[in-house]
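A short write-up of the structure that comes next.
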Protein chains: 2
Amino acid sequence: MPNLNDLRTPALLLDQAKLQRNLDHMAARATALGVNLRPHMKTAKSIEVAKLATRGQEGGITVSTLAEADYFARAGFTDILYGVGITRDKLADVDAIQDLGATVTMILDNFDCAQDVVTRTNDLSGRFGFLIEIDCGQHRTGLLPDDAQVLQIARLLDGARNCELRGVMTHAGHSYNCDSIAAMREVAEAERAAVVAAAEIIRANGLPCEIVSVGSTPTALHAEHLTGVTEMRPGVFMFGDLFQQSIGSCELEDLAVSVLTSVIAWRDDEARAMVDAGALALSLDRGAPDGNGDYAYGMAADLDGRPLPGDLRIRQTNQEHGFLPGLKQALRVGDRLRVLPNHVCSTAAQYDRYHIIDESGEIIDSWTRTGGW
Amino acid sequence: MPNLNDLRTPALLLDQAKLQRNLDHMAARATALGVNLRPHMKTAKSIEVAKLATRGQEGGITVSTLAEADYFARAGFTDILYGVGITRDKLADVDAIQDLGATVTMILDNFDCAQDVVTRTNDLSGRFGFLIEIDCGQHRTGLLPDDAQVLQIARLLDGARNCELRGVMTHAGHSYNCDSIAAMREVAEAERAAVVAAAEIIRANGLPCEIVSVGSTPTALHAEHLTGVTEMRPGVFMFGDLFQQSIGSCELEDLAVSVLTSVIAWRDDEARAMVDAGALALSLDRGAPDGNGDYAYGMAADLDGRPLPGDLRIRQTNQEHGFLPGLKQALRVGDRLRVLPNHVCSTAAQYDRYHIIDESGEIIDSWTRTGGW
């Protein structure tokens, strides 16, 4: 069986046992909260991971790009939510993906856009389903629950020949900024309350609202209840990362993905190794989406995945160089390390495959991932 | 002929006329300086760009990964410098790439590593050529010219059965930190002087040193002379970016690469468009490799590539969302923009192809790029 000394570095590793543990934990959360789990595949972008993440689940999947929608539709996934605002120009591509046998539900938050979309769908043969996006406090996208556009869009879609109003959704991205479990519970409740309020307004006006969808890893883990919600869409929980660990979403030993790297240079004066995982292999994602915090570019660990003593981080990067200063003992060029990622969605996006490792560090499989748009 | 309204967004655009102008300018610089041009393909990673960049040049190419070396070797490139420190474990892969018909020259800066490399090459059938990496002031990798290891490595490689000492190389990455043309000239002279000094020491000891290689876009553009140097390896000059423009390496109108994006949401209160180019489509590269400066995540331009009035930047990103606040007039969801990249090496790395546009914005071709490792 090949092991970690047999891979060309840098390489992306996925620990199957940790993945499974993380998946089981979230599936149990969904069951306890009484909602469907519709895992967000924007982190993993892998058919094999999606199959494991949906085992025993009925909620379909979420994707962040039409490339993902196409990739998962070709693999037989039939219930796909495209979780980024749709535009009129993308409907023909959605139509083609639906022709593969999948239902692709889209989101929008703007009446003018809804009008453009309805106009375009009149020229297409498929049936197109939508959720109205609600802003629950992140202030990124979405309408406030009582915004008049919510009902305007709902009526427009419900009356359009080729369109269907399927429900409402929101994303509490601001849960990433929380500094306590109590704060995450508050955000989770705001997330729930906002989307349920919008659903109630729609239904009170005699319109359908089957799906009431929330989603983020911190709120999925910490919500006290999800009354009125039908599904949740966490994603990064599958792998975990240093950022999620820093806000209490996981422990260091839960991190399922790491980057295998080789030492390519050594400087005695700074006790500094240079490794072959740089800005591309680790990504330049240093912290939360809003730039809070600074977790450098990843934490150095040994080949068993255990952090090296002293919280050693990749402190600087060039395209193919990572600077790892402050080591307690000299390393030799050619020695291998693992790097725990700061934000795994960004790091994994640079690779076309995962090397799957078992608990003894042997490489038992290789799973492809998709990318691009 | 398809145009910019026909592409699925986000998409990577390459303006062929601007590319050609940038290539012609650097080729003329190499001629004027009396050195070979060995363009660094780490930015473009494209066979078609490499063919244009080497037209009339005899210097081969530089690459930053073995994946690039393999990709270009398969396309018929025969003289490839792999510009990141080699490790013993990568030699079998280099051997396989050389079997495709290319000569892959490697770099190293450490005597222990050189010993490991020599040991490994004794088990392989190929012939392996090396440059010794010199530190000219960046303090990233490389030996000072008068470090005793330079001669130790040179003697070791020269005496090894399957190895060849081909010369010396350096990279003045600290030229990116310069704030004036005068400062870049100084760094260019330090780059030249360091690598020429190392070459003289090697030759004075009766050892070969055919190649004396320097390289960075700022120093290639601003060096006053390159006496004693045989080749230069700039890369980002092909495309240019906001960072290079900020340090005087190019003008805004020279930027050959941009990201085509669609507006996916609009908020009146911040006059803010959300676009479908986010952290992955633009990369999170905000500035120089050392973190100096803050150029946000790219500059908004119209479909002709002209910056929108008011220096509008993508100020925040999520994975597939880019925040563009402060617009002078409302945009409609579905409207299209172009984004000029802050650091094009990072931005382009997220895509598998360039859409080639002519001066009227029509799409005349599609060129693949390679990625990964």
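In the structure tokens, the first chain shown is A, the next is B, and so on; residue numbers restart at 1 for each chain, and ligands run from 1 in the order shown.
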Next item on the list: Please return, as a ChimeraX atom specification, all residues of chain B lying within 7 Å of chain A when only C-alpha atoms are considered.
Entry: /B:8,10,64,85-90,113,141,264-265,284-285,289-290,316-318,320,333-334,350-351,372-373
How would the residues just picked look written out with C-alpha atoms as a PDB file, in the first residue's frame?
```pdb
ATOM      1  CA  ARG B   8     -20.759  31.871 -18.499  1.00  0.00           C
ATOM      2  CA  PRO B  10     -16.976  34.256 -13.988  1.00  0.00           C
ATOM      3  CA  SER B  64       7.294  26.621 -11.097  1.00  0.00           C
ATOM      4  CA  GLY B  85      14.316  23.939  -5.090  1.00  0.00           C
ATOM      5  CA  ILE B  86      14.492  20.260  -5.975  1.00  0.00           C
ATOM      6  CA  THR B  87      14.242  17.437  -3.445  1.00  0.00           C
ATOM      7  CA  ARG B  88      15.503  13.880  -3.799  1.00  0.00           C
ATOM      8  CA  ASP B  89      11.963  12.508  -4.081  1.00  0.00           C
ATOM      9  CA  LYS B  90      11.174  14.514  -7.218  1.00  0.00           C
ATOM     10  CA  CYS B 113      20.359  18.081  -0.398  1.00  0.00           C
ATOM     11  CA  THR B 141      16.219  30.794  -0.583  1.00  0.00           C
ATOM     12  CA  ILE B 264     -25.891  38.961  -8.880  1.00  0.00           C
ATOM     13  CA  ALA B 265     -27.377  41.406  -6.357  1.00  0.00           C
ATOM     14  CA  LEU B 284      -7.428  36.459  -2.066  1.00  0.00           C
ATOM     15  CA  ASP B 285      -4.147  38.033  -3.152  1.00  0.00           C
ATOM     16  CA  PRO B 289       4.193  38.736  -1.453  1.00  0.00           C
ATOM     17  CA  ASP B 290       5.225  40.209   1.902  1.00  0.00           C
ATOM     18  CA  GLN B 316     -14.615  42.067   0.310  1.00  0.00           C
ATOM     19  CA  THR B 317     -15.105  38.520  -0.890  1.00  0.00           C
ATOM     20  CA  ASN B 318     -16.809  35.300   0.097  1.00  0.00           C
ATOM     21  CA  GLU B 320     -18.416  33.057  -4.799  1.00  0.00           C
ATOM     22  CA  VAL B 333     -28.783  42.007 -11.721  1.00  0.00           C
ATOM     23  CA  GLY B 334     -27.370  40.320 -14.801  1.00  0.00           C
ATOM     24  CA  GLN B 350      -8.056  29.481 -10.495  1.00  0.00           C
ATOM     25  CA  TYR B 351      -9.028  28.878 -14.143  1.00  0.00           C
ATOM     26  CA  GLY B 372      -1.869  21.751  -9.785  1.00  0.00           C
ATOM     27  CA  TRP B 373       1.346  19.928  -9.060  1.00  0.00           C
TER      28      TRP B 373
END
```
Next item on the list: Compile the contact shell of Ala198 of chain A as a count of residues only: residues with an atom at most 8 Å away, counting only C-alpha atoms, same-chain residues fewer than 2 positions apart removed.
Entry: 11
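Excluding Thr78 of chain B itself and same-chain residues fewer than 4 positions from it, the residues having an atom within 7 Å of it are B:Ala73, B:Gly101, B:Ala102, B:Thr103, counting only C-alpha atoms.
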Just N, CA and C atoms for this one: save the residues we selected as a short mmCIF file (atom, residue, chain, number, x, y, z; two decimals), in the first residue's frame.
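And here is the file that came out, out-v6.cif:
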```cif
data_model
loop_
_atom_site.label_atom_id
_atom_site.label_comp_id
_atom_site.auth_asym_id
_atom_site.auth_seq_id
_atom_site.Cartn_x
_atom_site.Cartn_y
_atom_site.Cartn_z
N ALA B 73 6.65 19.95 -21.66
CA ALA B 73 7.46 18.93 -22.35
C ALA B 73 6.60 18.19 -23.36
N GLY B 101 11.54 13.98 -23.88
CA GLY B 101 12.35 14.70 -24.86
C GLY B 101 12.84 16.06 -24.41
N ALA B 102 12.55 16.43 -23.16
CA ALA B 102 12.96 17.74 -22.66
C ALA B 102 14.18 17.60 -21.75
N THR B 103 14.95 18.66 -21.66
CA THR B 103 15.97 18.77 -20.63
C THR B 103 15.40 19.63 -19.52
#
```
Notebook entry, point to check: So which bits of segment 101-321 of chain B end up alpha helix (DSSP H) when you DSSP the backbone, as a ChimeraX atom specification?
Noted result: /B:111-121,148-159,181-204,217-222,242-246,279-282
Per residue of segment 310-368 of chain A within 12 Å of segment 18-25 of chain A, record the nearest atom pair and its distance in Å to one decimal, counting only C-alpha atoms, with rows in chain order and ascending residue number, as JSON lines.
```
{"residue": "A:Ile356", "atom": "CA", "partner": "A:Leu19", "partner_atom": "CA", "distance": 10.2}
{"residue": "A:Ile357", "atom": "CA", "partner": "A:Lys18", "partner_atom": "CA", "distance": 10.1}
{"residue": "A:Asp358", "atom": "CA", "partner": "A:Lys18", "partner_atom": "CA", "distance": 9.3}
{"residue": "A:Glu359", "atom": "CA", "partner": "A:Lys18", "partner_atom": "CA", "distance": 8.9}
```
What does the file look like for those residues with N, CA and C atoms, as a compact mmCIF listing (two decimals), in the first residue's frame?
```
# COMPACT_ATOMS: atom_id res chain seq x y z
N ILE A 356 -6.83 9.73 -0.20
CA ILE A 356 -7.57 9.28 0.97
C ILE A 356 -6.65 8.44 1.85
N ILE A 357 -6.54 8.82 3.10
CA ILE A 357 -5.66 8.07 4.01
C ILE A 357 -6.48 7.41 5.11
N ASP A 358 -5.98 6.26 5.55
CA ASP A 358 -6.62 5.59 6.68
C ASP A 358 -5.89 5.99 7.97
N GLU A 359 -6.28 5.38 9.07
CA GLU A 359 -5.75 5.84 10.35
C GLU A 359 -4.25 5.56 10.51
```
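If you measure from each of A:Gly34, A:Gly235, A:Gly310, A:Gly126 to Val49 of chain A using only C-alpha atoms, the closest one turns out to be A:Gly235.
Picture a line from atom CA of Ala256 of chain B to atom CA of Leu340 of chain B; it runs 8.9 Å.
Of note, atom CA of Asp254 of chain A and atom CA of Arg55 of chain A are spaced 20.1 Å apart.
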Next item on the list: Name the residues of segment 40-149 of chain A that fall into strand (DSSP E or B) according to DSSP on the backbone, using the chain letters and numbers of this document, as a PyMOL selection string.
Entry: chain A and resi 40+61-63+79-82+103-108+128-134+143
Could the residues in this selection be written to a file with C-alpha atoms, as a CSV table (one decimal), in the first residue's frame?
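Result went into part.csv, see below:
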```
chain,number,residue,atom,x,y,z
A,40,HIS,CA,-23.2,22.2,0.9
A,61,ILE,CA,-27.3,18.8,-1.9
A,62,THR,CA,-26.3,22.4,-2.2
A,63,VAL,CA,-23.7,23.7,-4.7
A,79,ASP,CA,-32.0,17.4,-6.0
A,80,ILE,CA,-29.5,20.3,-6.3
A,81,LEU,CA,-29.8,23.8,-4.8
A,82,TYR,CA,-27.6,26.3,-6.5
A,103,THR,CA,-33.8,19.4,-10.5
A,104,VAL,CA,-31.8,22.5,-9.9
A,105,THR,CA,-33.4,25.0,-7.5
A,106,MET,CA,-32.2,28.5,-7.8
A,107,ILE,CA,-32.2,31.6,-5.5
A,108,LEU,CA,-32.9,35.3,-6.1
A,128,PHE,CA,-37.6,26.2,-13.0
A,129,GLY,CA,-37.8,26.3,-9.2
A,130,PHE,CA,-36.7,29.1,-7.0
A,131,LEU,CA,-36.2,30.1,-3.3
A,132,ILE,CA,-36.3,33.7,-2.3
A,133,GLU,CA,-33.2,34.7,-0.5
A,134,ILE,CA,-33.7,36.3,2.9
A,143,LEU,CA,-34.3,40.6,1.4
```
Check: Out of B:Ala154, B:Met299, B:Cys163, B:Ala271, which residue has the shortest atom-to-atom distance to Pro325 of chain B when counting only C-alpha atoms?
Finding: B:Ala271
